[in-house]
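Report on the structure given below.
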Amino acid sequence: MEITAGVPSDLPWESVLTQLVVWHHEFPVGTGPCPEADATEITLAAAAAQHLDLLETGVRAGAYQVRLTRNDFRVRHCWNASVEVADMILTQRATPTRLPDLSDAERRWISTQPVGSRTGPPPEVLRAAVDRASETIEAYRQAVPEGQLPDTFPLGEGMTAGDMSRVLAVIMGLASLCEETAHRLSRLETTLAHMPVTQLMEVLAEMCPTVSESHQILAVERLTYRVGRSSRTSPLVRHGDSLIICPPLVTPRAVDSIMLRSAAYDPRAFGRVGFKQGERATAWAEWLRATPGALVAERVPAVRTDGRPAGDIDVVVVDPAKGVGLCLEIKWPIEALSLAQVVKVENWVTSAARQLDRLRGELREGEATARLPHGWPAFGAVDWTWCVGTPQQLSPRPLPVPEMHATSLRYVQALGTPPDLDSLVGALVRPDLPTEGVHFDVTKRSFPVGRRRVHLDTLGVSLNTWRPRFR
């Protein structure tokens with residue numbers, strides 16, 4: 001309704017819908033049709049809850065400072081907002097600009113739908129929607145700078161990323177048809193699709209003939225929300241014998257994350273999947289090998305004086321001519337789709353920094369020795385910089401150890417090929433970040449909480465005016 005009316009909103013609708021899904025499962029107290037007035041009241045309550053939930057998560061993580069002034073709460077950023085803005089811009093830049101339009105078959109079907117119709121699309125229209133969704137999914141996956149999951153990537157129980165992607169294309173095709181119909185005909189009821197589970201399985205059998213029936217069933221089970229899961233990555237909502245598809249929760253931008261996180265709900269089954277996910281960290285070494293004059297090694301072991309292993313350094317880069325080097329601890333978590341997941345990635349970075357600092361201390365004190373490749377300079381003859389690397393997410397949280405840095409592969413790739421290792425090290429120690437007042441502004445947004453008001457720092461970002469550069 002907001003889109004049709006051209007009304008701008010800063011309300012995180014995906015988060016509001018996620019809240020409604022959680023309540024639907026945790027408090028199943030209603031039955032029968034829901035009057036519009038009740039639906040409005042429930043939605044407003046979910047919106048209020050989301051405002052508070054996001055605020056609480058940020059405060060608990062240490063991202064905000066809260067002060068009570070008179071009767072109002074003032075909430076300000078504690079961490080460097082430039083880092084968050086850089087991530088926002090780099091994420092936006094990774095979004096594909098050319099996506100397929102509605103096909104003629106889809107347009108004709110939407111335009112001929114009578115008011116009150118609840119019939120689904122005929123096979124040829126659904127096939128056009130699925131093909132469009134497949135093309136859209138592939139465009140998003142190809143646009144990710146740090147690389148997509150290959151179709152052969154194993155997701156457990158014999159299912160591959162290619163299998164899951166085909167199932168998701170069918171669900172996203174249905175969701176897109178719902179969304180387009182709602183928008184073009186201003187019909188609120190078509191913003192949701194629901195069908196019996198048996199009917200959805202019949203559709204999948206017809207539209208995904210190369211995916212086995214067992215993997216179709218497995219994919220639908222993983223994509224169906226249950227308590228303990230997230231509707232961001234399990235977006236199908238069970239209601240009796242039917243499944244509800246909510247278009248805003250089914251986004252092609254997050255296909256790889258959906259595939260991985262829906263496989264990660266069972267820790268017992270995620271072990272091999274997690275191991276294969278970790279192997280993607282080799283992308284760091286591949287990128288670094290383009291640095292002129294640099295030598296790159298992976299998994300460099302460190303051994304204590306008594307012969308016991310002290311650990312290893314994921315990636316080591318040295319410029320022997322200049323005597324500078326870089327030690328990287330690489331973490332490859334699944335991309336975050338919510339604030340809570342962002343905080344978890346930051347926890348990964350903090351843990352990795354402590355891990356790397358412990359090893360650095362042993363090497364500096366001579367308690368351990370790094371076994372560098374033959375022909376490299378001695379470890380003590382190099383001026384080392386120490387850094388934690390992730391695939392997508394920069395970490396605004398200050399690291400718990402001194403002279404330690406954090407960055408992302410997406411950020412360094414945006415810099416371009418380093419002219420030399422010295423320049424790359426300089427970019428890690430003193431990163432080029434967006435400037436407040438030039439690339440973004442910090443504004444105040446206010447909302448009521450009971451009899452008080454909360455005044456929260458928010459970011460207004462100009463997405464096309466910044467790109468990181470070597471200084």
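Going by the structure tokens order, chains are called A, B, ..., each with residues numbered from 1, while ligands are numbered from 1 in the order shown.
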
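Residues in contact with A:Gly274 at up to 9 Å, not including ones fewer than 4 positions away on its chain and judged by only C-alpha atoms, are Leu260, Ala264, Phe270, Gly278, Glu279 and Pro333 of chain A.
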
Tell me, as a PyMOL selection string, which residues lie within 12 Å of A:Val425, counting only C-alpha atoms; anything in the same chain fewer than 5 positions away does not count.
chain A and resi 288+291+294+317-319+324-328+383-387+404-407+412+418-420+430-431+470-471

Selection near A:Ala39, 12 Å with only C-alpha atoms, sequence-local residues under 6 positions removed, as a ChimeraX atom specification:
/A:20,30,33,45-46

Excluding stretch 205-220 of chain A and any residue of its chain fewer than 6 positions from it, enumerate the residues within 8 Å of it, using only C-alpha atoms, and give them as number ranges by chain.
A: 127, 130, 158-159, 163-164, 166-167, 170

DSSP on the backbone, helix (DSSP H, G or I) only: what residues of stretch 156-313 of chain A does that give? Format it as a ChimeraX atom specification.
/A:161-185,188-191,197-207,213-223,247-249,252-263,267-288

Write out as a list in words the residues lying within 8 Å of stretch 81-95 of chain A, counting only C-alpha atoms and excluding same-chain residues fewer than 5 positions away.
Tyr140, Ala143, Val144, Pro145, Arg253, Gln392, Gln393, Leu394, Ser395, Pro396, Arg410, Tyr411, Ala414, Leu433, Pro434, Thr435, Glu436, Phe440, Leu459, Val461, Leu463, Asn464 and Trp466 of chain A

Keeping only N, CA, C and O atoms, write the selected residues to a file as an mmCIF file, in the first residue's frame.
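Below is the file again_31.cif, written as the result:
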```
data_model
loop_
_atom_site.group_PDB
_atom_site.id
_atom_site.type_symbol
_atom_site.label_atom_id
_atom_site.label_comp_id
_atom_site.auth_asym_id
_atom_site.auth_seq_id
_atom_site.Cartn_x
_atom_site.Cartn_y
_atom_site.Cartn_z
ATOM 1 N N TYR A 140 22.038 -11.844 -9.122
ATOM 2 C CA TYR A 140 22.484 -11.471 -7.776
ATOM 3 C C TYR A 140 23.704 -12.280 -7.358
ATOM 4 O O TYR A 140 24.656 -11.743 -6.774
ATOM 5 N N ALA A 143 26.862 -11.164 -9.070
ATOM 6 C CA ALA A 143 27.303 -9.808 -8.737
ATOM 7 C C ALA A 143 28.100 -9.746 -7.441
ATOM 8 O O ALA A 143 28.712 -8.719 -7.149
ATOM 9 N N VAL A 144 28.114 -10.819 -6.659
ATOM 10 C CA VAL A 144 28.825 -10.802 -5.379
ATOM 11 C C VAL A 144 30.329 -10.780 -5.634
ATOM 12 O O VAL A 144 30.871 -11.715 -6.223
ATOM 13 N N PRO A 145 31.030 -9.728 -5.216
ATOM 14 C CA PRO A 145 32.452 -9.594 -5.558
ATOM 15 C C PRO A 145 33.308 -10.743 -5.029
ATOM 16 O O PRO A 145 34.262 -11.158 -5.693
ATOM 17 N N ARG A 253 18.287 -11.532 -3.324
ATOM 18 C CA ARG A 253 19.557 -10.991 -2.841
ATOM 19 C C ARG A 253 20.224 -11.938 -1.853
ATOM 20 O O ARG A 253 21.452 -11.967 -1.731
ATOM 21 N N GLN A 392 32.396 -10.341 3.669
ATOM 22 C CA GLN A 392 31.594 -9.161 3.306
ATOM 23 C C GLN A 392 31.623 -8.046 4.349
ATOM 24 O O GLN A 392 31.569 -6.875 3.990
ATOM 25 N N GLN A 393 31.680 -8.390 5.601
ATOM 26 C CA GLN A 393 31.313 -7.431 6.655
ATOM 27 C C GLN A 393 32.523 -6.797 7.317
ATOM 28 O O GLN A 393 33.360 -7.486 7.890
ATOM 29 N N LEU A 394 32.593 -5.469 7.259
ATOM 30 C CA LEU A 394 33.531 -4.723 8.082
ATOM 31 C C LEU A 394 33.005 -4.690 9.512
ATOM 32 O O LEU A 394 31.791 -4.746 9.731
ATOM 33 N N SER A 395 33.897 -4.583 10.474
ATOM 34 C CA SER A 395 33.467 -4.598 11.871
ATOM 35 C C SER A 395 33.700 -3.241 12.511
ATOM 36 O O SER A 395 34.853 -2.831 12.701
ATOM 37 N N PRO A 396 32.624 -2.511 12.865
ATOM 38 C CA PRO A 396 32.802 -1.225 13.527
ATOM 39 C C PRO A 396 33.199 -1.351 14.993
ATOM 40 O O PRO A 396 33.688 -0.409 15.592
ATOM 41 N N ARG A 410 35.496 -7.884 0.455
ATOM 42 C CA ARG A 410 34.717 -6.978 -0.383
ATOM 43 C C ARG A 410 35.336 -5.572 -0.371
ATOM 44 O O ARG A 410 35.399 -4.910 -1.405
ATOM 45 N N TYR A 411 35.796 -5.124 0.799
ATOM 46 C CA TYR A 411 36.404 -3.789 0.899
ATOM 47 C C TYR A 411 37.719 -3.717 0.119
ATOM 48 O O TYR A 411 37.920 -2.792 -0.676
ATOM 49 N N ALA A 414 37.311 -3.653 -3.547
ATOM 50 C CA ALA A 414 36.841 -2.354 -4.036
ATOM 51 C C ALA A 414 37.994 -1.371 -4.202
ATOM 52 O O ALA A 414 37.899 -0.424 -4.992
ATOM 53 N N LEU A 433 37.630 5.687 4.516
ATOM 54 C CA LEU A 433 36.226 5.479 4.861
ATOM 55 C C LEU A 433 35.396 6.705 4.494
ATOM 56 O O LEU A 433 35.940 7.801 4.328
ATOM 57 N N PRO A 434 34.086 6.553 4.358
ATOM 58 C CA PRO A 434 33.218 7.702 4.077
ATOM 59 C C PRO A 434 33.344 8.768 5.168
ATOM 60 O O PRO A 434 33.617 8.466 6.336
ATOM 61 N N THR A 435 33.113 10.018 4.762
ATOM 62 C CA THR A 435 33.259 11.154 5.668
ATOM 63 C C THR A 435 31.892 11.718 6.023
ATOM 64 O O THR A 435 31.060 11.966 5.140
ATOM 65 N N GLU A 436 31.670 11.934 7.330
ATOM 66 C CA GLU A 436 30.425 12.541 7.770
ATOM 67 C C GLU A 436 30.325 13.971 7.233
ATOM 68 O O GLU A 436 31.298 14.723 7.236
ATOM 69 N N PHE A 440 27.770 11.018 4.190
ATOM 70 C CA PHE A 440 26.609 10.645 5.004
ATOM 71 C C PHE A 440 26.396 11.698 6.082
ATOM 72 O O PHE A 440 27.287 12.508 6.379
ATOM 73 N N LEU A 459 21.364 7.108 10.139
ATOM 74 C CA LEU A 459 22.311 7.484 9.101
ATOM 75 C C LEU A 459 21.585 7.791 7.802
ATOM 76 O O LEU A 459 20.764 7.000 7.327
ATOM 77 N N VAL A 461 22.542 8.309 3.968
ATOM 78 C CA VAL A 461 23.716 7.956 3.173
ATOM 79 C C VAL A 461 23.516 8.343 1.717
ATOM 80 O O VAL A 461 22.446 8.107 1.133
ATOM 81 N N LEU A 463 24.645 7.095 -1.636
ATOM 82 C CA LEU A 463 25.219 5.812 -2.023
ATOM 83 C C LEU A 463 26.218 5.889 -3.169
ATOM 84 O O LEU A 463 26.992 4.960 -3.376
ATOM 85 N N ASN A 464 26.239 6.955 -3.931
ATOM 86 C CA ASN A 464 27.044 6.972 -5.157
ATOM 87 C C ASN A 464 28.222 7.929 -5.114
ATOM 88 O O ASN A 464 28.787 8.265 -6.153
ATOM 89 N N TRP A 466 31.072 7.681 -2.878
ATOM 90 C CA TRP A 466 32.288 7.227 -2.194
ATOM 91 C C TRP A 466 32.754 5.904 -2.764
ATOM 92 O O TRP A 466 31.964 5.020 -3.058
#
```

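Ranking A:Leu174, A:Val454, A:Ala254, A:Leu126 by their shortest atom-to-atom distance to A:Ala336, with only C-alpha atoms included, puts A:Ala254 first.
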
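The shell of residues at most 9 Å from A:Asp314, with only C-alpha atoms counted and near chain neighbours (fewer than 3 positions) removed, consists of Ala281, Ala297, Glu298, Arg299, Val300, Pro301, Cys327, Leu328, Glu329 and Ile330 of chain A.
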
Save out the residues we just selected, N, CA, C and O atoms, as a PDB file, in the first residue's frame.
```
ATOM      1  N   ALA A 281      37.595 -19.495   1.974  1.00  0.00           N
ATOM      2  CA  ALA A 281      38.549 -18.475   2.403  1.00  0.00           C
ATOM      3  C   ALA A 281      39.788 -18.425   1.516  1.00  0.00           C
ATOM      4  O   ALA A 281      40.564 -17.467   1.580  1.00  0.00           O
ATOM      5  N   ALA A 297      51.568 -17.305   1.088  1.00  0.00           N
ATOM      6  CA  ALA A 297      51.489 -18.689   1.546  1.00  0.00           C
ATOM      7  C   ALA A 297      50.239 -18.847   2.405  1.00  0.00           C
ATOM      8  O   ALA A 297      49.807 -17.902   3.076  1.00  0.00           O
ATOM      9  N   GLU A 298      49.675 -20.048   2.390  1.00  0.00           N
ATOM     10  CA  GLU A 298      48.495 -20.343   3.194  1.00  0.00           C
ATOM     11  C   GLU A 298      48.812 -21.390   4.244  1.00  0.00           C
ATOM     12  O   GLU A 298      49.677 -22.245   4.067  1.00  0.00           O
ATOM     13  N   ARG A 299      48.077 -21.321   5.356  1.00  0.00           N
ATOM     14  CA  ARG A 299      48.195 -22.290   6.438  1.00  0.00           C
ATOM     15  C   ARG A 299      49.654 -22.480   6.863  1.00  0.00           C
ATOM     16  O   ARG A 299      50.186 -23.596   6.849  1.00  0.00           O
ATOM     17  N   VAL A 300      50.293 -21.405   7.243  1.00  0.00           N
ATOM     18  CA  VAL A 300      51.688 -21.464   7.695  1.00  0.00           C
ATOM     19  C   VAL A 300      51.701 -21.945   9.144  1.00  0.00           C
ATOM     20  O   VAL A 300      51.158 -21.264  10.025  1.00  0.00           O
ATOM     21  N   PRO A 301      52.309 -23.093   9.429  1.00  0.00           N
ATOM     22  CA  PRO A 301      52.275 -23.623  10.800  1.00  0.00           C
ATOM     23  C   PRO A 301      53.257 -22.889  11.712  1.00  0.00           C
ATOM     24  O   PRO A 301      54.279 -22.369  11.272  1.00  0.00           O
ATOM     25  N   CYS A 327      50.043 -10.763   8.141  1.00  0.00           N
ATOM     26  CA  CYS A 327      49.515 -12.022   8.656  1.00  0.00           C
ATOM     27  C   CYS A 327      48.002 -11.883   8.802  1.00  0.00           C
ATOM     28  O   CYS A 327      47.525 -10.966   9.487  1.00  0.00           O
ATOM     29  N   LEU A 328      47.266 -12.783   8.191  1.00  0.00           N
ATOM     30  CA  LEU A 328      45.807 -12.707   8.168  1.00  0.00           C
ATOM     31  C   LEU A 328      45.183 -13.932   8.815  1.00  0.00           C
ATOM     32  O   LEU A 328      45.537 -15.075   8.485  1.00  0.00           O
ATOM     33  N   GLU A 329      44.273 -13.694   9.741  1.00  0.00           N
ATOM     34  CA  GLU A 329      43.399 -14.738  10.260  1.00  0.00           C
ATOM     35  C   GLU A 329      42.072 -14.594   9.525  1.00  0.00           C
ATOM     36  O   GLU A 329      41.405 -13.558   9.627  1.00  0.00           O
ATOM     37  N   ILE A 330      41.679 -15.608   8.756  1.00  0.00           N
ATOM     38  CA  ILE A 330      40.508 -15.507   7.895  1.00  0.00           C
ATOM     39  C   ILE A 330      39.333 -16.241   8.525  1.00  0.00           C
ATOM     40  O   ILE A 330      39.445 -17.398   8.933  1.00  0.00           O
TER      41      ILE A 330
END
```

As a PDB file with all heavy atoms, in the first residue's frame, please: the residues near A:Asp357 (cut-off 9 Å, only C-alpha atoms, same-chain neighbours under 3 positions excluded).
```pdb
ATOM      1  N   ALA A 352      38.540 -14.019  16.676  1.00  0.00           N
ATOM      2  CA  ALA A 352      39.686 -14.246  15.794  1.00  0.00           C
ATOM      3  C   ALA A 352      40.848 -13.332  16.155  1.00  0.00           C
ATOM      4  O   ALA A 352      42.020 -13.731  16.090  1.00  0.00           O
ATOM      5  CB  ALA A 352      39.277 -14.029  14.345  1.00  0.00           C
ATOM      6  N   ALA A 353      40.556 -12.079  16.549  1.00  0.00           N
ATOM      7  CA  ALA A 353      41.608 -11.146  16.936  1.00  0.00           C
ATOM      8  C   ALA A 353      42.349 -11.652  18.172  1.00  0.00           C
ATOM      9  O   ALA A 353      43.587 -11.579  18.246  1.00  0.00           O
ATOM     10  CB  ALA A 353      41.015  -9.767  17.190  1.00  0.00           C
ATOM     11  N   ARG A 354      41.608 -12.169  19.148  1.00  0.00           N
ATOM     12  CA  ARG A 354      42.247 -12.715  20.349  1.00  0.00           C
ATOM     13  C   ARG A 354      43.090 -13.943  19.998  1.00  0.00           C
ATOM     14  O   ARG A 354      44.193 -14.135  20.524  1.00  0.00           O
ATOM     15  CB  ARG A 354      41.187 -13.086  21.390  1.00  0.00           C
ATOM     16  CG  ARG A 354      40.495 -11.877  22.030  1.00  0.00           C
ATOM     17  CD  ARG A 354      39.763 -12.299  23.291  1.00  0.00           C
ATOM     18  NE  ARG A 354      39.215 -11.141  23.991  1.00  0.00           N
ATOM     19  CZ  ARG A 354      37.951 -10.769  23.944  1.00  0.00           C
ATOM     20  NH1 ARG A 354      37.085 -11.476  23.202  1.00  0.00           N
ATOM     21  NH2 ARG A 354      37.523  -9.715  24.617  1.00  0.00           N
ATOM     22  N   ARG A 360      50.590 -14.353  17.948  1.00  0.00           N
ATOM     23  CA  ARG A 360      51.553 -13.274  17.742  1.00  0.00           C
ATOM     24  C   ARG A 360      52.456 -13.130  18.970  1.00  0.00           C
ATOM     25  O   ARG A 360      53.673 -12.948  18.847  1.00  0.00           O
ATOM     26  CB  ARG A 360      50.821 -11.967  17.469  1.00  0.00           C
ATOM     27  CG  ARG A 360      51.738 -10.758  17.339  1.00  0.00           C
ATOM     28  CD  ARG A 360      50.963  -9.503  16.940  1.00  0.00           C
ATOM     29  NE  ARG A 360      49.984  -9.077  17.930  1.00  0.00           N
ATOM     30  CZ  ARG A 360      49.253  -7.966  17.815  1.00  0.00           C
ATOM     31  NH1 ARG A 360      49.385  -7.188  16.754  1.00  0.00           N
ATOM     32  NH2 ARG A 360      48.384  -7.649  18.760  1.00  0.00           N
ATOM     33  N   GLY A 361      51.878 -13.213  20.168  1.00  0.00           N
ATOM     34  CA  GLY A 361      52.660 -13.095  21.388  1.00  0.00           C
ATOM     35  C   GLY A 361      53.706 -14.190  21.509  1.00  0.00           C
ATOM     36  O   GLY A 361      54.859 -13.928  21.890  1.00  0.00           O
ATOM     37  N   GLU A 362      53.320 -15.427  21.183  1.00  0.00           N
ATOM     38  CA  GLU A 362      54.273 -16.533  21.264  1.00  0.00           C
ATOM     39  C   GLU A 362      55.401 -16.368  20.251  1.00  0.00           C
ATOM     40  O   GLU A 362      56.571 -16.671  20.548  1.00  0.00           O
ATOM     41  CB  GLU A 362      53.554 -17.864  21.051  1.00  0.00           C
ATOM     42  CG  GLU A 362      52.589 -18.227  22.180  1.00  0.00           C
ATOM     43  CD  GLU A 362      52.077 -19.648  22.070  1.00  0.00           C
ATOM     44  OE1 GLU A 362      52.896 -20.551  21.756  1.00  0.00           O
ATOM     45  OE2 GLU A 362      50.866 -19.872  22.285  1.00  0.00           O
ATOM     46  N   TRP A 386      49.145  -7.255  11.423  1.00  0.00           N
ATOM     47  CA  TRP A 386      48.262  -8.365  11.788  1.00  0.00           C
ATOM     48  C   TRP A 386      46.814  -7.953  11.574  1.00  0.00           C
ATOM     49  O   TRP A 386      46.396  -6.868  11.985  1.00  0.00           O
ATOM     50  CB  TRP A 386      48.503  -8.766  13.244  1.00  0.00           C
ATOM     51  CG  TRP A 386      49.930  -9.173  13.475  1.00  0.00           C
ATOM     52  CD1 TRP A 386      51.003  -8.343  13.632  1.00  0.00           C
ATOM     53  CD2 TRP A 386      50.444 -10.503  13.537  1.00  0.00           C
ATOM     54  NE1 TRP A 386      52.152  -9.072  13.793  1.00  0.00           N
ATOM     55  CE2 TRP A 386      51.847 -10.403  13.739  1.00  0.00           C
ATOM     56  CE3 TRP A 386      49.866 -11.766  13.446  1.00  0.00           C
ATOM     57  CZ2 TRP A 386      52.653 -11.521  13.854  1.00  0.00           C
ATOM     58  CZ3 TRP A 386      50.675 -12.892  13.561  1.00  0.00           C
ATOM     59  CH2 TRP A 386      52.046 -12.764  13.770  1.00  0.00           C
ATOM     60  N   VAL A 401      42.362  -6.098  21.191  1.00  0.00           N
ATOM     61  CA  VAL A 401      43.821  -6.156  21.337  1.00  0.00           C
ATOM     62  C   VAL A 401      44.448  -5.038  20.518  1.00  0.00           C
ATOM     63  O   VAL A 401      43.902  -4.626  19.483  1.00  0.00           O
ATOM     64  CB  VAL A 401      44.372  -7.526  20.901  1.00  0.00           C
ATOM     65  CG1 VAL A 401      43.891  -8.612  21.837  1.00  0.00           C
ATOM     66  CG2 VAL A 401      43.959  -7.861  19.479  1.00  0.00           C
ATOM     67  N   PRO A 402      45.587  -4.496  20.950  1.00  0.00           N
ATOM     68  CA  PRO A 402      46.221  -3.383  20.232  1.00  0.00           C
ATOM     69  C   PRO A 402      46.907  -3.842  18.953  1.00  0.00           C
ATOM     70  O   PRO A 402      47.255  -5.009  18.797  1.00  0.00           O
ATOM     71  CB  PRO A 402      47.248  -2.861  21.247  1.00  0.00           C
ATOM     72  CG  PRO A 402      47.583  -4.062  22.087  1.00  0.00           C
ATOM     73  CD  PRO A 402      46.324  -4.860  22.182  1.00  0.00           C
ATOM     74  N   MET A 404      45.969  -4.445  16.038  1.00  0.00           N
ATOM     75  CA  MET A 404      45.276  -5.487  15.289  1.00  0.00           C
ATOM     76  C   MET A 404      44.211  -4.799  14.458  1.00  0.00           C
ATOM     77  O   MET A 404      43.576  -3.841  14.904  1.00  0.00           O
ATOM     78  CB  MET A 404      44.643  -6.496  16.234  1.00  0.00           C
ATOM     79  CG  MET A 404      44.012  -7.704  15.547  1.00  0.00           C
ATOM     80  SD  MET A 404      45.223  -8.896  14.947  1.00  0.00           S
ATOM     81  CE  MET A 404      45.897  -9.504  16.496  1.00  0.00           C
TER      82      MET A 404
END
```

Taking only C-alpha atoms into account, name the residue in A:Gly240, A:Gly120, A:Gly375, A:Pro468 that is nearest to A:Ala427.
A:Pro468

Suppose you want the space between atom CA of A:His25 and atom CA of A:Gly228; what is it in Å?
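It comes out at 10.4 Å.
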